[in-house]
Amino acid sequence: MKQKKKKSVIPTYGVGLVWISTALAGKLTNLGQVIGCMALSAVVYLVLRLFFPDKLVSESEQEKANEKTVQKAKQKPEKEAAAQPKTEAPKSSSTGNAELDEVLEQGQAYIRRIAELNDEIPDFKLSAQIKQIEILTDKILAHVRNHPEKLREIKQFMSYYLPTTIKLLEQYVVLQNQGMRMGNIDDGMKKIEDMLDKVIVAFQKQLDSLFESDVVDITADIQVMEQMMASQGLTDKKDF
């Protein structure tokens, strides 16, 4: 059976330790110290070779050792993966209402488009206005998602106001990319900039109108509670 020499790694580690400790001690600042460290390393290497000589191992044993090393290397990623906390699969965004899902999906597409156009517009003030429009749109969709009965209230918002606003922003980007503001280009950009203030107000009113019925219900509940408390003498109101 063929045998191979297996060198011990300890002498090499010993030499490395000598260099590291010498460097940390600040004794490698000149040529003499470097030569001295080299001499010490040679001595350490020879001494450790005496205590940890090469071993003779059969080829079969060497192959087994190599196989174990490979297996450990393969098992390590598997163990690390197993140790990672399991994440739940993302929940479906479906509400179970086909009409509502379609509107919400279209709304999210509009929001993404608004964000894309905003990225193309460097003007700080205009960008802030567009971001506000994006936030208002998201809040409107979120409210309708939680109150599907109000879906019909945003029909015109979804079919006209929102897509028209996006069209105006797209036209603004086209004009902006001409590289100069003059004549008709400047006039068109100015009109769109002025219009965005009105769009923000309109979107704010759209969001506010969605809470109208909620406020009516709140008012009714308060009135009933006040009357019951008064009838049972639980209020501080006194008649003079």
# chains A, B, ... in the order shown; residues from 1 in each chain; ligands from 1
>>> residues_around(residues="range 132-135 of chain A", least_positions_apart="4", cutoff="12 Å", atoms="only C-alpha atoms", output="ChimeraX atom specification")
/A:107-118,125-128,139-142,161-162,165-166,169,196-204,206-207
>>> atom_distance(atom1="CA of Gly26 in chain A", atom2="CA of Ser41 in chain A")
16.4 Å
>>> closest_residue(among="A:Met229, A:Ile121, A:Met195, A:Val44", to="Val173 in chain A", atoms="only C-alpha atoms")
A:Ile121
>>> atom_distance(atom1="CA of Met38 in chain A", atom2="CA of Pro53 in chain A")
21.3 Å
